[in-house]
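Here is data-v5.tsv, consisting of TSV, C-alpha atoms (C1' of nucleotides):
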```
chain	number	residue	atom	x	y	z
U	22	MET	CA	116.34	69.83	94.28
U	23	THR	CA	113.51	71.80	92.85
U	24	MET	CA	111.16	70.23	90.35
U	25	GLU	CA	109.90	72.89	87.97
U	26	LYS	CA	106.34	72.49	86.86
U	27	THR	CA	105.57	72.40	83.19
U	28	VAL	CA	102.02	73.15	82.11
U	29	GLY	CA	101.29	73.10	78.41
U	30	LYS	CA	104.11	74.95	76.75
U	31	TYR	CA	105.04	76.90	79.88
U	32	THR	CA	107.43	75.98	82.70
U	33	ALA	CA	106.88	77.74	86.01
U	34	LEU	CA	109.86	79.58	87.47
U	35	PRO	CA	111.29	77.80	90.56
U	36	PRO	CA	110.90	79.22	94.09
U	37	SER	CA	114.54	80.36	94.10
U	38	SER	CA	113.63	82.95	91.46
U	39	TYR	CA	111.82	84.95	94.13
U	40	ARG	CA	114.19	84.46	97.07
U	41	ARG	CA	116.39	87.34	95.98
U	42	ASN	CA	116.54	91.08	96.38
U	43	VAL	CA	113.35	92.63	95.02
U	44	VAL	CA	115.22	94.93	92.63
U	45	GLU	CA	117.03	91.97	91.07
U	46	VAL	CA	113.79	90.04	90.75
U	47	ALA	CA	112.04	93.00	89.14
U	48	ARG	CA	114.74	93.14	86.47
U	49	SER	CA	114.81	89.37	85.98
U	50	LEU	CA	111.06	89.04	85.45
U	51	LEU	CA	111.23	91.04	82.22
U	52	GLY	CA	110.63	88.54	79.43
U	53	ALA	CA	108.96	85.99	81.73
U	54	VAL	CA	105.37	84.90	81.11
U	55	LEU	CA	102.39	85.52	83.37
U	56	ALA	CA	99.78	82.81	82.79
U	57	HIS	CA	96.30	82.13	84.17
U	58	TYR	CA	93.92	79.21	83.78
U	59	SER	CA	90.41	80.27	84.75
U	60	ASP	CA	86.91	78.90	84.22
U	61	GLU	CA	86.62	81.26	81.29
U	62	GLY	CA	89.79	80.03	79.59
U	63	PHE	CA	93.52	80.52	79.38
U	64	THR	CA	95.35	83.82	79.08
U	65	ALA	CA	99.07	84.63	79.08
U	66	GLY	CA	101.42	87.49	78.31
U	67	ILE	CA	105.09	88.43	78.35
U	68	ILE	CA	106.08	90.70	81.23
U	69	VAL	CA	107.45	93.93	79.74
U	70	GLU	CA	107.32	96.35	82.69
U	71	THR	CA	107.91	95.91	86.44
U	72	GLU	CA	108.55	97.94	89.59
U	73	ALA	CA	110.26	97.01	92.86
U	74	TYR	CA	108.78	97.93	96.26
U	75	ARG	CA	111.07	97.21	99.16
U	76	GLY	CA	110.00	96.81	102.74
U	77	SER	CA	110.65	99.23	105.55
U	78	ASP	CA	113.18	101.57	103.92
U	79	ASP	CA	111.00	102.41	100.90
U	80	PRO	CA	108.32	105.03	101.70
U	81	ALA	CA	106.28	104.08	98.62
U	82	CYS	CA	105.99	100.46	99.73
U	83	HIS	CA	102.72	99.33	101.29
U	84	ALA	CA	104.79	97.45	103.84
U	85	ALA	CA	106.72	100.55	104.96
U	86	ARG	CA	104.59	101.07	108.08
U	87	GLY	CA	104.28	97.49	109.17
U	88	LYS	CA	101.83	94.67	108.72
U	89	THR	CA	98.11	95.46	108.19
U	90	PRO	CA	95.05	93.48	107.06
U	91	ARG	CA	95.66	94.64	103.51
U	92	ASN	CA	99.41	94.07	103.14
U	93	TYR	CA	100.07	90.99	105.31
U	94	VAL	CA	100.73	88.81	102.24
U	95	MET	CA	103.82	90.93	101.50
U	96	PHE	CA	105.31	89.69	104.77
U	97	GLY	CA	104.69	86.05	103.94
U	98	PRO	CA	106.80	83.63	101.89
U	99	PRO	CA	108.19	84.70	98.49
U	100	GLY	CA	106.48	83.42	95.36
U	101	ARG	CA	102.97	84.39	96.39
U	102	ALA	CA	100.60	86.86	94.73
U	103	TYR	CA	99.89	90.15	96.49
U	104	VAL	CA	96.76	91.57	94.85
U	105	TYR	CA	95.19	94.77	96.10
U	106	PHE	CA	92.28	97.00	95.10
U	107	ILE	CA	93.03	100.61	94.20
U	108	TYR	CA	91.14	103.76	93.17
U	109	GLY	CA	87.78	102.10	93.62
U	110	ASN	CA	87.98	100.27	90.29
U	111	HIS	CA	91.22	98.44	89.73
U	112	TYR	CA	93.42	95.63	90.96
U	113	CYS	CA	97.21	95.52	90.97
U	114	PHE	CA	99.17	92.27	90.83
U	115	ASN	CA	102.49	91.81	92.65
U	116	VAL	CA	104.81	88.89	93.44
U	117	VAL	CA	106.32	88.65	96.92
U	118	THR	CA	110.13	88.38	96.94
U	119	GLY	CA	113.09	88.16	99.30
U	120	THR	CA	112.70	86.31	102.57
U	121	GLU	CA	109.64	85.93	104.76
U	122	GLY	CA	109.06	88.96	106.96
U	123	GLN	CA	110.82	91.54	104.77
U	124	GLY	CA	107.69	92.92	103.09
U	125	GLU	CA	108.87	93.35	99.53
U	126	ALA	CA	107.24	92.66	96.17
U	127	VAL	CA	107.45	93.28	92.43
U	128	LEU	CA	104.53	95.07	90.79
U	129	ILE	CA	103.77	93.77	87.29
U	130	ARG	CA	102.87	96.89	85.29
U	131	ALA	CA	102.46	95.69	81.69
U	132	LEU	CA	102.26	92.58	79.51
U	133	GLU	CA	102.55	91.84	75.84
U	134	PRO	CA	99.55	89.54	75.13
U	135	LEU	CA	100.45	86.01	74.02
U	136	ASP	CA	97.44	83.71	74.49
U	137	GLY	CA	93.71	84.22	74.96
U	138	LEU	CA	93.47	87.54	73.17
U	139	GLU	CA	89.74	87.15	72.56
U	140	LEU	CA	89.09	86.40	76.22
U	141	MET	CA	91.19	89.41	77.21
U	142	ARG	CA	89.18	91.60	74.90
U	143	LYS	CA	85.93	90.21	76.28
U	144	ARG	CA	87.01	90.90	79.87
U	145	ARG	CA	88.25	94.40	79.06
U	146	GLY	CA	85.20	95.30	77.01
U	147	MET	CA	84.74	95.09	73.30
U	148	GLY	CA	86.15	97.84	71.17
U	149	HIS	CA	89.54	97.80	72.84
U	150	LYS	CA	92.58	97.65	70.61
U	151	ILE	CA	95.18	95.00	71.40
U	152	ILE	CA	97.57	97.72	72.47
U	153	ASN	CA	95.10	98.71	75.19
U	154	LEU	CA	94.45	95.28	76.71
U	155	THR	CA	97.37	94.88	79.12
U	156	SER	CA	99.41	98.12	78.96
U	157	GLY	CA	99.00	99.06	82.64
U	158	PRO	CA	98.72	97.35	86.04
U	159	GLY	CA	94.94	97.70	86.32
U	160	LYS	CA	94.36	96.82	82.68
U	161	LEU	CA	96.38	93.61	82.83
U	162	CYS	CA	94.55	92.41	85.93
U	163	ALA	CA	91.24	92.90	84.18
U	164	ALA	CA	92.44	91.20	80.99
U	165	MET	CA	93.99	88.27	82.89
U	166	GLY	CA	91.01	87.85	85.21
U	167	ILE	CA	93.04	88.61	88.34
U	168	SER	CA	91.24	90.01	91.39
U	169	ARG	CA	91.08	89.81	95.19
U	170	GLU	CA	90.42	86.05	95.22
U	171	HIS	CA	94.01	85.55	94.04
U	172	ASN	CA	95.54	87.48	96.91
U	173	GLY	CA	97.91	85.18	98.82
U	174	ILE	CA	97.97	82.24	96.40
U	175	THR	CA	101.21	80.85	95.00
U	176	VAL	CA	102.49	81.80	91.55
U	177	LEU	CA	104.68	78.67	91.42
U	178	ALA	CA	101.93	76.53	89.87
U	179	PRO	CA	98.53	76.87	88.17
U	180	PRO	CA	96.01	78.32	88.07
U	181	LEU	CA	98.06	81.54	88.25
U	182	PHE	CA	101.79	81.26	87.63
U	183	ILE	CA	104.86	82.92	86.18
U	184	ALA	CA	106.84	80.90	83.63
U	185	SER	CA	110.21	81.31	81.98
U	186	GLY	CA	109.98	83.12	78.68
U	187	ILE	CA	112.40	84.99	76.51
U	188	GLY	CA	115.87	86.05	77.62
U	189	VAL	CA	116.34	89.81	77.79
U	190	GLU	CA	119.77	91.41	77.36
U	191	ASP	CA	120.68	94.41	79.49
U	192	ALA	CA	120.91	96.55	76.35
U	193	ARG	CA	117.16	96.16	75.87
U	194	VAL	CA	116.23	97.16	79.43
U	195	ALA	CA	115.35	100.71	80.41
U	196	VAL	CA	115.35	101.93	84.03
U	197	SER	CA	113.36	104.84	85.44
U	198	THR	CA	111.59	106.13	88.52
U	199	ARG	CA	108.31	104.52	89.48
U	200	ILE	CA	104.92	105.65	88.14
U	201	GLY	CA	102.01	107.13	90.05
U	202	ILE	CA	103.58	107.60	93.47
U	203	LYS	CA	104.59	110.65	95.52
U	204	GLN	CA	106.62	109.21	98.37
U	205	GLY	CA	109.89	107.76	97.13
U	206	ARG	CA	109.38	109.04	93.60
U	207	ASP	CA	113.10	109.56	92.96
U	208	ILE	CA	114.04	105.90	93.40
U	209	PRO	CA	114.83	104.28	90.00
U	210	TRP	CA	113.18	100.92	90.49
U	211	ARG	CA	111.04	100.72	87.37
U	212	PHE	CA	112.23	98.37	84.62
U	213	TYR	CA	110.81	98.02	81.14
U	214	LEU	CA	111.66	96.81	77.65
U	215	LYS	CA	112.85	99.60	75.39
U	216	GLU	CA	110.63	100.30	72.41
U	217	ASN	CA	107.99	97.78	73.47
U	218	ALA	CA	104.56	99.10	72.49
U	219	PHE	CA	102.84	97.52	75.52
U	220	VAL	CA	104.74	99.44	78.18
U	221	SER	CA	102.41	101.79	80.08
U	222	ARG	CA	102.55	105.57	79.61
N	1466	DC	C1'	97.55	113.87	69.70
N	1467	DG	C1'	98.40	115.47	75.09
N	1468	DG	C1'	96.73	117.05	79.49
N	1469	DG	C1'	93.46	117.09	83.08
N	1470	DA	C1'	89.57	115.99	85.79
N	1471	DG	C1'	86.24	112.70	87.54
N	1472	DA	C1'	84.93	108.11	88.86
N	1473	DT	C1'	84.93	105.12	92.73
N	1474	DG	C1'	85.55	102.48	97.15
N	1475	DG	C1'	88.62	100.49	100.52
N	1476	DG	C1'	92.43	101.36	103.85
N	1477	DC	C1'	94.29	103.81	107.39
N	1478	DT	C1'	94.92	108.01	110.71
R	649	DG	C1'	88.18	112.45	105.95
R	650	DC	C1'	91.93	112.04	103.16
R	651	DC	C1'	94.85	109.31	100.42
R	652	DC	C1'	95.61	106.21	96.77
R	653	DA	C1'	101.47	101.57	92.95
R	654	DT	C1'	94.64	103.73	87.88
R	655	DC	C1'	91.71	104.24	83.83
R	656	DT	C1'	88.79	106.62	80.69
R	657	DC	C1'	86.78	110.25	78.59
R	658	DC	C1'	86.54	114.79	77.12
R	659	DC	C1'	88.46	118.83	75.91
R	660	DG	C1'	91.50	122.02	73.30
R	661	DA	C1'	95.01	122.45	69.71
```
Let me see the structure of the file written as structure tokens.
Amino acid sequence: MTMEKTVGKYTALPPSSYRRNVVEVARSLLGAVLAHYSDEGFTAGIIVETEAYRGSDDPACHAARGKTPRNYVMFGPPGRAYVYFIYGNHYCFNVVTGTEGQGEAVLIRALEPLDGLELMRKRRGMGHKIINLTSGPGKLCAAMGISREHNGITVLAPPLFIASGIGVEDARVAVSTRIGIKQGRDIPWRFYLKENAFVSR
DNA sequence: CGGGAGATGGGCT
DNA sequence: GCCCATCTCCCGA
């Protein structure tokens, strides 16, 4: 049996949540909560936008051309964080899914802030509106204090974990192609909450 | 407002 | 040397 870990008001999702097809996991993480305890304080937000990247048959996936020093975490066990640096300025946070060796992960693209709003604003720079704190993959990493040091750690328990949140009915979920890629741009593996103001543009 | 260019640095060929 | 799962600012309307 799996013992789910409760921290404060949040209960971490069990490992079985990630041992499924990456597209299913991407859909199921909508409404879940990403939470982080750091030296600076606690921050958390509801996941409102995700994308699936699937192993060797998906040209947009970092894992498509095999294991490298950057992407090796994707080939490890599910339930770990894959964090990478992009465009010289930003980090992107993913969760590894499926079974070890497949090389698939869900990119978390946007959050609706729940806890630690002041800390988020401090990390992002003063003068930012709430709507601008976590409405994009690079923005949410900055607001949550996620960077390369988190690459490879588990998201099954603190300091960085994903917890169960609100249930989301299919009627509230929109599906589209993925953002910001060229290869594989026709594949509809982006999921987001309809009419949620924190979804990226 | 919406679109576009520039910033910026690591990964990979 | 080119590509990149992004963000911000600045411009024109």
Could you check how far atom CA of Met165 of chain U sits from atom CA of Thr64 of chain U, in Å to one decimal?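 Taking atom CA of Met165 of chain U and atom CA of Thr64 of chain U, their separation equals 6.0 Å.
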Quick check: residues of chain N within 8 Å of chain U, only C-alpha atoms (C1' of nucleotides), returned as a PyMOL selection string. chain N and resi 1473-1476
Filtering to C-alpha atoms (C1' of nucleotides), could you give me those residues as a JSON list (two decimals), keeping the file's coordinate frame?
```
[["chain", "number", "residue", "atom", "x", "y", "z"],
["N", 1473, "DT", "C1'", 84.93, 105.12, 92.73],
["N", 1474, "DG", "C1'", 85.55, 102.48, 97.15],
["N", 1475, "DG", "C1'", 88.62, 100.49, 100.52],
["N", 1476, "DG", "C1'", 92.43, 101.36, 103.85]]
```
I need the chain U residues near chain R as a VMD selection string; criterion: at most 10 Å, counting only C-alpha atoms (C1' of nucleotides). chain U and resid 72 to 74 81 to 83 105 to 115 128 to 130 157 to 160 199 to 203
Just give me the gap between atom CA of Leu55 of chain U and atom CA of Leu181 of chain U in Å, one decimal is fine. 7.6 Å
Enumerate, as an NGL selection string, the protein, DNA and RNA residues whose atoms approach (107.2, 94.7, 96.9) to within 12 Å, taking into account only C-alpha atoms (C1' of nucleotides) and the coordinate frame of the file. (:U and (39 or 41-47 or 71-85 or 92-97 or 99-104 or 113-120 or 122-129 or 210-211)) or (:R and (653))
Selected residues written out, C-alpha atoms (C1' of nucleotides), as a tab-separated table (two decimals), in the coordinates of the input:
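That gives us result_6.tsv:
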```tsv
chain	number	residue	atom	x	y	z
U	39	TYR	CA	111.82	84.95	94.13
U	41	ARG	CA	116.39	87.34	95.98
U	42	ASN	CA	116.54	91.08	96.38
U	43	VAL	CA	113.35	92.63	95.02
U	44	VAL	CA	115.22	94.93	92.63
U	45	GLU	CA	117.03	91.97	91.07
U	46	VAL	CA	113.79	90.04	90.75
U	47	ALA	CA	112.04	93.00	89.14
U	71	THR	CA	107.91	95.91	86.44
U	72	GLU	CA	108.55	97.94	89.59
U	73	ALA	CA	110.26	97.01	92.86
U	74	TYR	CA	108.78	97.93	96.26
U	75	ARG	CA	111.07	97.21	99.16
U	76	GLY	CA	110.00	96.81	102.74
U	77	SER	CA	110.65	99.23	105.55
U	78	ASP	CA	113.18	101.57	103.92
U	79	ASP	CA	111.00	102.41	100.90
U	80	PRO	CA	108.32	105.03	101.70
U	81	ALA	CA	106.28	104.08	98.62
U	82	CYS	CA	105.99	100.46	99.73
U	83	HIS	CA	102.72	99.33	101.29
U	84	ALA	CA	104.79	97.45	103.84
U	85	ALA	CA	106.72	100.55	104.96
U	92	ASN	CA	99.41	94.07	103.14
U	93	TYR	CA	100.07	90.99	105.31
U	94	VAL	CA	100.73	88.81	102.24
U	95	MET	CA	103.82	90.93	101.50
U	96	PHE	CA	105.31	89.69	104.77
U	97	GLY	CA	104.69	86.05	103.94
U	99	PRO	CA	108.19	84.70	98.49
U	100	GLY	CA	106.48	83.42	95.36
U	101	ARG	CA	102.97	84.39	96.39
U	102	ALA	CA	100.60	86.86	94.73
U	103	TYR	CA	99.89	90.15	96.49
U	104	VAL	CA	96.76	91.57	94.85
U	113	CYS	CA	97.21	95.52	90.97
U	114	PHE	CA	99.17	92.27	90.83
U	115	ASN	CA	102.49	91.81	92.65
U	116	VAL	CA	104.81	88.89	93.44
U	117	VAL	CA	106.32	88.65	96.92
U	118	THR	CA	110.13	88.38	96.94
U	119	GLY	CA	113.09	88.16	99.30
U	120	THR	CA	112.70	86.31	102.57
U	122	GLY	CA	109.06	88.96	106.96
U	123	GLN	CA	110.82	91.54	104.77
U	124	GLY	CA	107.69	92.92	103.09
U	125	GLU	CA	108.87	93.35	99.53
U	126	ALA	CA	107.24	92.66	96.17
U	127	VAL	CA	107.45	93.28	92.43
U	128	LEU	CA	104.53	95.07	90.79
U	129	ILE	CA	103.77	93.77	87.29
U	210	TRP	CA	113.18	100.92	90.49
U	211	ARG	CA	111.04	100.72	87.37
R	653	DA	C1'	101.47	101.57	92.95
```
Mind pulling up the distance from atom CA of Asp60 of chain U to atom CA of Thr27 of chain U? 19.8 Å
Might I get the box with edges along x, y and z of the file that holds all atoms of chain N listed there, padded by 4 Å on every side, given as centre and edge lengths in Å to one decimal, as AutoDock Vina command-line options?
```
--center_x 91.7 --center_y 108.8 --center_z 90.2 --size_x 21.5 --size_y 24.6 --size_z 49.0
```
Check the smallest atom-to-atom distance from each of U:Ser185, U:Asn172, U:Ser156, U:Ser49 to Glu25 of chain U using all atoms listed in the file, then report the winner.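 Checking each candidate against Glu25 of chain U, we get U:Ser185 as the closest.
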Of the listed residues U:Ile183, U:Val220, U:Ile167, U:Ile208, that which approaches Pro35 of chain U most closely, counting all atoms listed in the file: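 Ranking U:Ile183, U:Val220, U:Ile167, U:Ile208 by distance to Pro35 of chain U, first place goes to U:Ile183.
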Can you give me N, CA, C and O atoms for segment 135-154 of chain U, written as a PDB file, in the coordinates of the input?
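Just written: selection.pdb:
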```pdb
ATOM      1  N   LEU U 135      99.960  87.185  74.741  1.00  0.00           N
ATOM      2  CA  LEU U 135     100.450  86.010  74.020  1.00  0.00           C
ATOM      3  C   LEU U 135      99.315  85.058  73.656  1.00  0.00           C
ATOM      4  O   LEU U 135      99.208  84.605  72.529  1.00  0.00           O
ATOM      5  N   ASP U 136      98.520  84.696  74.661  1.00  0.00           N
ATOM      6  CA  ASP U 136      97.440  83.710  74.490  1.00  0.00           C
ATOM      7  C   ASP U 136      96.133  84.255  75.055  1.00  0.00           C
ATOM      8  O   ASP U 136      96.135  84.990  76.033  1.00  0.00           O
ATOM      9  N   GLY U 137      95.027  83.842  74.444  1.00  0.00           N
ATOM     10  CA  GLY U 137      93.710  84.220  74.960  1.00  0.00           C
ATOM     11  C   GLY U 137      93.334  85.652  74.666  1.00  0.00           C
ATOM     12  O   GLY U 137      92.638  86.298  75.454  1.00  0.00           O
ATOM     13  N   LEU U 138      93.754  86.146  73.532  1.00  0.00           N
ATOM     14  CA  LEU U 138      93.470  87.540  73.170  1.00  0.00           C
ATOM     15  C   LEU U 138      91.976  87.854  73.150  1.00  0.00           C
ATOM     16  O   LEU U 138      91.547  88.923  73.599  1.00  0.00           O
ATOM     17  N   GLU U 139      91.187  86.899  72.629  1.00  0.00           N
ATOM     18  CA  GLU U 139      89.740  87.150  72.560  1.00  0.00           C
ATOM     19  C   GLU U 139      89.120  87.231  73.937  1.00  0.00           C
ATOM     20  O   GLU U 139      88.248  88.057  74.195  1.00  0.00           O
ATOM     21  N   LEU U 140      89.597  86.360  74.846  1.00  0.00           N
ATOM     22  CA  LEU U 140      89.090  86.400  76.220  1.00  0.00           C
ATOM     23  C   LEU U 140      89.510  87.710  76.901  1.00  0.00           C
ATOM     24  O   LEU U 140      88.728  88.333  77.623  1.00  0.00           O
ATOM     25  N   MET U 141      90.736  88.129  76.658  1.00  0.00           N
ATOM     26  CA  MET U 141      91.190  89.410  77.210  1.00  0.00           C
ATOM     27  C   MET U 141      90.293  90.549  76.734  1.00  0.00           C
ATOM     28  O   MET U 141      89.889  91.410  77.518  1.00  0.00           O
ATOM     29  N   ARG U 142      90.001  90.527  75.455  1.00  0.00           N
ATOM     30  CA  ARG U 142      89.180  91.600  74.900  1.00  0.00           C
ATOM     31  C   ARG U 142      87.772  91.556  75.478  1.00  0.00           C
ATOM     32  O   ARG U 142      87.174  92.591  75.762  1.00  0.00           O
ATOM     33  N   LYS U 143      87.266  90.350  75.677  1.00  0.00           N
ATOM     34  CA  LYS U 143      85.930  90.210  76.280  1.00  0.00           C
ATOM     35  C   LYS U 143      85.913  90.761  77.703  1.00  0.00           C
ATOM     36  O   LYS U 143      84.996  91.470  78.109  1.00  0.00           O
ATOM     37  N   ARG U 144      86.952  90.427  78.478  1.00  0.00           N
ATOM     38  CA  ARG U 144      87.010  90.900  79.870  1.00  0.00           C
ATOM     39  C   ARG U 144      87.195  92.415  79.942  1.00  0.00           C
ATOM     40  O   ARG U 144      86.683  93.075  80.848  1.00  0.00           O
ATOM     41  N   ARG U 145      87.960  92.971  79.029  1.00  0.00           N
ATOM     42  CA  ARG U 145      88.250  94.400  79.060  1.00  0.00           C
ATOM     43  C   ARG U 145      87.116  95.218  78.456  1.00  0.00           C
ATOM     44  O   ARG U 145      87.059  96.428  78.662  1.00  0.00           O
ATOM     45  N   GLY U 146      86.249  94.576  77.691  1.00  0.00           N
ATOM     46  CA  GLY U 146      85.200  95.300  77.010  1.00  0.00           C
ATOM     47  C   GLY U 146      85.518  95.387  75.539  1.00  0.00           C
ATOM     48  O   GLY U 146      86.642  95.712  75.160  1.00  0.00           O
ATOM     49  N   MET U 147      84.551  95.060  74.746  1.00  0.00           N
ATOM     50  CA  MET U 147      84.740  95.090  73.300  1.00  0.00           C
ATOM     51  C   MET U 147      85.129  96.494  72.848  1.00  0.00           C
ATOM     52  O   MET U 147      84.851  97.470  73.506  1.00  0.00           O
ATOM     53  N   GLY U 148      85.769  96.542  71.699  1.00  0.00           N
ATOM     54  CA  GLY U 148      86.150  97.840  71.170  1.00  0.00           C
ATOM     55  C   GLY U 148      87.544  98.263  71.575  1.00  0.00           C
ATOM     56  O   GLY U 148      88.039  99.277  71.117  1.00  0.00           O
ATOM     57  N   HIS U 149      88.179  97.449  72.461  1.00  0.00           N
ATOM     58  CA  HIS U 149      89.540  97.800  72.840  1.00  0.00           C
ATOM     59  C   HIS U 149      90.536  97.271  71.810  1.00  0.00           C
ATOM     60  O   HIS U 149      90.450  96.144  71.368  1.00  0.00           O
ATOM     61  N   LYS U 150      91.500  98.106  71.463  1.00  0.00           N
ATOM     62  CA  LYS U 150      92.580  97.650  70.610  1.00  0.00           C
ATOM     63  C   LYS U 150      93.516  96.762  71.417  1.00  0.00           C
ATOM     64  O   LYS U 150      93.594  96.895  72.648  1.00  0.00           O
ATOM     65  N   ILE U 151      94.246  95.896  70.718  1.00  0.00           N
ATOM     66  CA  ILE U 151      95.180  95.000  71.400  1.00  0.00           C
ATOM     67  C   ILE U 151      96.154  95.786  72.258  1.00  0.00           C
ATOM     68  O   ILE U 151      96.495  95.395  73.369  1.00  0.00           O
ATOM     69  N   ILE U 152      96.574  96.912  71.779  1.00  0.00           N
ATOM     70  CA  ILE U 152      97.570  97.720  72.470  1.00  0.00           C
ATOM     71  C   ILE U 152      97.051  98.191  73.833  1.00  0.00           C
ATOM     72  O   ILE U 152      97.795  98.515  74.727  1.00  0.00           O
ATOM     73  N   ASN U 153      95.729  98.182  73.982  1.00  0.00           N
ATOM     74  CA  ASN U 153      95.100  98.710  75.190  1.00  0.00           C
ATOM     75  C   ASN U 153      94.675  97.620  76.176  1.00  0.00           C
ATOM     76  O   ASN U 153      94.086  97.912  77.208  1.00  0.00           O
ATOM     77  N   LEU U 154      94.954  96.365  75.872  1.00  0.00           N
ATOM     78  CA  LEU U 154      94.450  95.280  76.710  1.00  0.00           C
ATOM     79  C   LEU U 154      95.214  95.142  78.022  1.00  0.00           C
ATOM     80  O   LEU U 154      94.615  94.921  79.082  1.00  0.00           O
TER      81      LEU U 154
END
```
